[in-house]
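To start, the structure under review is shown below, and the notes come after it.
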Amino acid sequence: MSEKIRKFNWFSMFWDGFRNMTTLGKTLWILVIIKLCIMFFILKPFFFPNFLNSRFDDKESKADYVRQELINRK
Amino acid sequence: MELLNASLIDWSRAQFALTAMFHWVFVPLTLGLGVIMSIMETAYVRTGKEQWKKTAKFWQTIFGINFAIGVATGIILEFQFGTNWSNYSFLVGDIFGAPLAIEGILAFFMEATFISIMFFGWDRVSKKAHLAATWLTITGATLSALWILVANGWMQFPTGMEFNPDTMRNEMTDFWAVALSPVAISKFFHTVFSTWILGSVFVVGVAGWYMLKKRNIEFAKQSMQVAAIFGLAASLLTAYTGDSSAYEVAQKQPMKLAAMEGLYKGQEGAGLIAVALPNPAKKSWNDDEKEYIFKLEIPKALSLLGYRDFDAFVPGIQDIIEGGYKLQDGTMALSFAEKQKKGEIARLALADYQTAKKAKDEIAAEKHKATLMENYPYFGYGYLDTPDQLVPNIPVVYWSFHIMVYLGGFFIVLFLAVIFFQRKDKLKDMKWLLWVCIISIPLVYICSQAGWLVAEFGRQPWAIQDILPLQAAISALSASSVKITFFLFLALFTALSIAEVRIMLNQIKKGPEEESK
């Protein structure tokens, strides 16, 4: 069986792919976008600040803090 | 001494376990189904039969649903590293940077590039180019898993590094020792082959449902044919690599092996438990309760498995705590008390090194650094007060290991039965076997999660084996903040799981004919 292949073009592949997307594809994209928004715009900034980065500006200060933690932690 | 609230440790562990286990619901299906759909597309390209294309496209859709819902769930683990496990993250940053950067690049560029061709590229590129994109998608996903497992393997067997007390980092000295660590390699192959089993059982189960419903029989037969043969091969490979994994565990994490087998007192020519009922009254490694209510074991098999010698001594939990037995390299094993002493010396040396450095006393600093380095392999023992803290949860590890092994054996029988009856063309009429195929879907997820529990519960209390226990690895946060995020994740992941199951079931009900429209 012969297949008619159009000249490959990245842009038109994505353009046509998104434009002719099935309901399932659209649902999945919406889910992915909602999930990523929750993760990066809510969870990360409000609930998961980087513990050391939010307290110290440079590597030396972080190293000093971790050293004290490891010496004093029980 | 700074004493952390025990509930902070427990909630931090629970949160990490929750996230990792949910993530591990999605990943194995991606890896397993990815290879199966690639094999199906290969059959299409080789035979030119449209039915293979229809079959491959259906499973690619299921793959896409799982991929879309599971994608980025692992990133939450990285959020937790920075927030909940800051001491750990700082100590390992140098080691994990390289593997995780490679993972990110491969995951993002390779998968994202080729998955778009896989879904959007039908009829836009040649059959062979499309097939290459499909294989490269799953190759990219598998290589991502490699680097994650290299990082995990390093936590179980830290190698190729040197601790720098100035930067407070474990710095990588030998990339290849980290990347090709025998623990990482055996872990990678065992894990990836096990995902192939999961993918195969999933396909066999769904195809079984179509046969029961007497729908899409050709599609179901093709799916069964590929998945059962591939699943059988994957099962045998998983068993083979399970053997090498057990060997590595015996060498590097003897406590984990003892917990897997519920072995309290070591013995020469130790047997491997075939069937047993551990005694629930046994609460501690040094009480007088017997280990099992009954047991049936394969003689000398544990010695062979762990040390490649029928008569080798396999240390039990008590031996590992009390020491004094001969190790493989001919030296005597240290007791918990001796290791604890070395750990305390190492911690003290770190404190003295810091003081000497501040006083600009380089001679004293060098002396303390030498003491620190000499005792660093036991650094983590300095945080443990009692030998009980060294023992993981035995019932969880024991039952997880045995459930994994029993189910692994069951899947071999299942695949053999499916192949046998498929060849006789009787499978579609064997309702009981088709039901077994369907019921096997939740069982294979239980098996997969049990494997994770063996690997991760079995290495407790260590975040980094022998170097950093959990209580030293976590950040000084309030337990309530970790508790809140635990429930946030629980809600998010439950919603994602419900979405996954609903969308997938909906698509399965529509069937492969929907794909060709």
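Residues in the structure tokens are named by chain (A, B, ... in the order shown) and by number from 1 within that chain; ligands are numbered from 1 in the order shown.
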
Any idea which chain B residues end up within 8 Å of chain A if we count only C-alpha atoms, as an MDAnalysis selection string please? chainID B and resid 1:4 48 65 68:69 71:72 76 79:80 82:84 86:87 90 116 120:121 123:126 166:168 347:348 350:351 383 471:472 475 485

Residues near B:Asp329, cut-off 12 Å, only C-alpha atoms, skip fewer than 4 positions along chain, as a list in words: Gln251, Tyr307, Tyr325 and Ala333 of chain B

Keeping N, CA and C atoms, export the residues of the selection given above as a compact mmCIF listing (two decimals), in the first residue's frame.
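Output below, filename selection14.txt:
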```txt
# COMPACT_ATOMS: atom_id res chain seq x y z
N GLN B 251 25.72 -7.67 49.39
CA GLN B 251 27.07 -7.11 49.56
C GLN B 251 27.05 -5.73 50.22
N TYR B 307 25.70 -14.66 48.03
CA TYR B 307 27.16 -14.72 48.03
C TYR B 307 27.75 -15.68 47.00
N TYR B 325 31.51 -11.14 62.73
CA TYR B 325 31.54 -12.23 61.74
C TYR B 325 32.46 -11.79 60.59
N ALA B 333 33.39 -7.96 60.67
CA ALA B 333 32.33 -6.95 60.65
C ALA B 333 32.32 -6.19 61.98
```

Give me, as number ranges by chain, all polymer residues having an atom no more than 9 Å from B:Val314, counting only C-alpha atoms and skipping those fewer than 5 positions away in the same chain. B: 250, 254, 258, 263, 265-270, 302-303, 306-307

Using only C-alpha atoms, which protein or nucleic acid residues come within 10 Å of B:Phe188? Drop anything in the same chain fewer than 2 positions from it, and give the result as a PyMOL selection string. chain B and resi 142-143+145-150+152-153+182-186+190-194+241+245

Would you mind listing what lies within 12 Å of B:Ala239 as a ChimeraX atom specification, with only C-alpha atoms counted and same-chain residues fewer than 4 positions away left out? /B:186,189-191,193-194,197,232-235,243-246,305,404-409,411-412

Go ahead and dump the residues you just picked, N, CA and C atoms, as an mmCIF file, in the first residue's frame.
```
data_model
loop_
_atom_site.group_PDB
_atom_site.id
_atom_site.type_symbol
_atom_site.label_atom_id
_atom_site.label_comp_id
_atom_site.auth_asym_id
_atom_site.auth_seq_id
_atom_site.Cartn_x
_atom_site.Cartn_y
_atom_site.Cartn_z
ATOM 1 N N SER B 186 22.163 -2.814 38.251
ATOM 2 C CA SER B 186 21.224 -3.925 38.497
ATOM 3 C C SER B 186 19.837 -3.374 38.819
ATOM 4 N N PHE B 189 18.123 -2.255 35.395
ATOM 5 C CA PHE B 189 17.585 -3.345 34.572
ATOM 6 C C PHE B 189 16.410 -4.040 35.269
ATOM 7 N N HIS B 190 16.538 -4.278 36.561
ATOM 8 C CA HIS B 190 15.454 -4.958 37.280
ATOM 9 C C HIS B 190 14.180 -4.105 37.240
ATOM 10 N N THR B 191 14.351 -2.811 37.451
ATOM 11 C CA THR B 191 13.190 -1.913 37.471
ATOM 12 C C THR B 191 12.545 -1.801 36.095
ATOM 13 N N PHE B 193 12.771 -3.835 33.468
ATOM 14 C CA PHE B 193 12.128 -5.087 33.045
ATOM 15 C C PHE B 193 10.804 -5.289 33.786
ATOM 16 N N SER B 194 10.769 -4.875 35.056
ATOM 17 C CA SER B 194 9.515 -5.039 35.810
ATOM 18 C C SER B 194 8.418 -4.137 35.229
ATOM 19 N N ILE B 197 6.776 -5.907 32.475
ATOM 20 C CA ILE B 197 5.761 -6.868 32.943
ATOM 21 C C ILE B 197 4.451 -6.121 33.185
ATOM 22 N N LEU B 232 6.277 -12.536 29.037
ATOM 23 C CA LEU B 232 7.006 -13.715 29.514
ATOM 24 C C LEU B 232 8.517 -13.440 29.474
ATOM 25 N N ALA B 233 8.967 -12.868 28.361
ATOM 26 C CA ALA B 233 10.404 -12.548 28.253
ATOM 27 C C ALA B 233 10.794 -11.567 29.362
ATOM 28 N N ALA B 234 9.935 -10.555 29.587
ATOM 29 C CA ALA B 234 10.227 -9.552 30.628
ATOM 30 C C ALA B 234 10.268 -10.198 32.010
ATOM 31 N N SER B 235 9.368 -11.151 32.251
ATOM 32 C CA SER B 235 9.331 -11.817 33.561
ATOM 33 C C SER B 235 10.625 -12.580 33.812
ATOM 34 N N ASP B 243 18.012 -11.586 40.691
ATOM 35 C CA ASP B 243 19.116 -12.331 41.293
ATOM 36 C C ASP B 243 20.331 -11.416 41.467
ATOM 37 N N SER B 244 20.664 -10.644 40.438
ATOM 38 C CA SER B 244 21.843 -9.762 40.581
ATOM 39 C C SER B 244 21.550 -8.624 41.564
ATOM 40 N N SER B 245 20.280 -8.180 41.616
ATOM 41 C CA SER B 245 19.920 -7.140 42.595
ATOM 42 C C SER B 245 20.102 -7.672 44.013
ATOM 43 N N ALA B 246 19.644 -8.914 44.240
ATOM 44 C CA ALA B 246 19.765 -9.513 45.576
ATOM 45 C C ALA B 246 21.233 -9.671 45.957
ATOM 46 N N LEU B 305 22.241 -17.109 46.608
ATOM 47 C CA LEU B 305 21.711 -15.865 46.041
ATOM 48 C C LEU B 305 22.572 -14.660 46.455
ATOM 49 N N MET B 404 5.939 -9.504 46.158
ATOM 50 C CA MET B 404 6.544 -9.213 44.849
ATOM 51 C C MET B 404 6.987 -10.508 44.162
ATOM 52 N N VAL B 405 7.663 -11.368 44.910
ATOM 53 C CA VAL B 405 8.177 -12.616 44.317
ATOM 54 C C VAL B 405 7.020 -13.551 43.925
ATOM 55 N N TYR B 406 6.030 -13.700 44.821
ATOM 56 C CA TYR B 406 4.904 -14.598 44.506
ATOM 57 C C TYR B 406 4.148 -14.099 43.265
ATOM 58 N N LEU B 407 3.884 -12.786 43.229
ATOM 59 C CA LEU B 407 3.152 -12.261 42.076
ATOM 60 C C LEU B 407 3.992 -12.366 40.804
ATOM 61 N N GLY B 408 5.296 -12.137 40.939
ATOM 62 C CA GLY B 408 6.186 -12.293 39.774
ATOM 63 C C GLY B 408 6.090 -13.708 39.220
ATOM 64 N N GLY B 409 6.076 -14.701 40.101
ATOM 65 C CA GLY B 409 5.935 -16.096 39.679
ATOM 66 C C GLY B 409 4.568 -16.345 39.047
ATOM 67 N N PHE B 411 2.742 -14.218 37.428
ATOM 68 C CA PHE B 411 2.642 -13.632 36.080
ATOM 69 C C PHE B 411 3.318 -14.520 35.030
ATOM 70 N N ILE B 412 4.377 -15.222 35.433
ATOM 71 C CA ILE B 412 5.012 -16.145 34.481
ATOM 72 C C ILE B 412 4.002 -17.222 34.078
#
```

Would you mind reading off the distance between atom CA of B:Ile394 and atom CA of B:Gly458, one decimal, in Å?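 Computed distance, atom CA of B:Ile394 to atom CA of B:Gly458, equals 8.2 Å.
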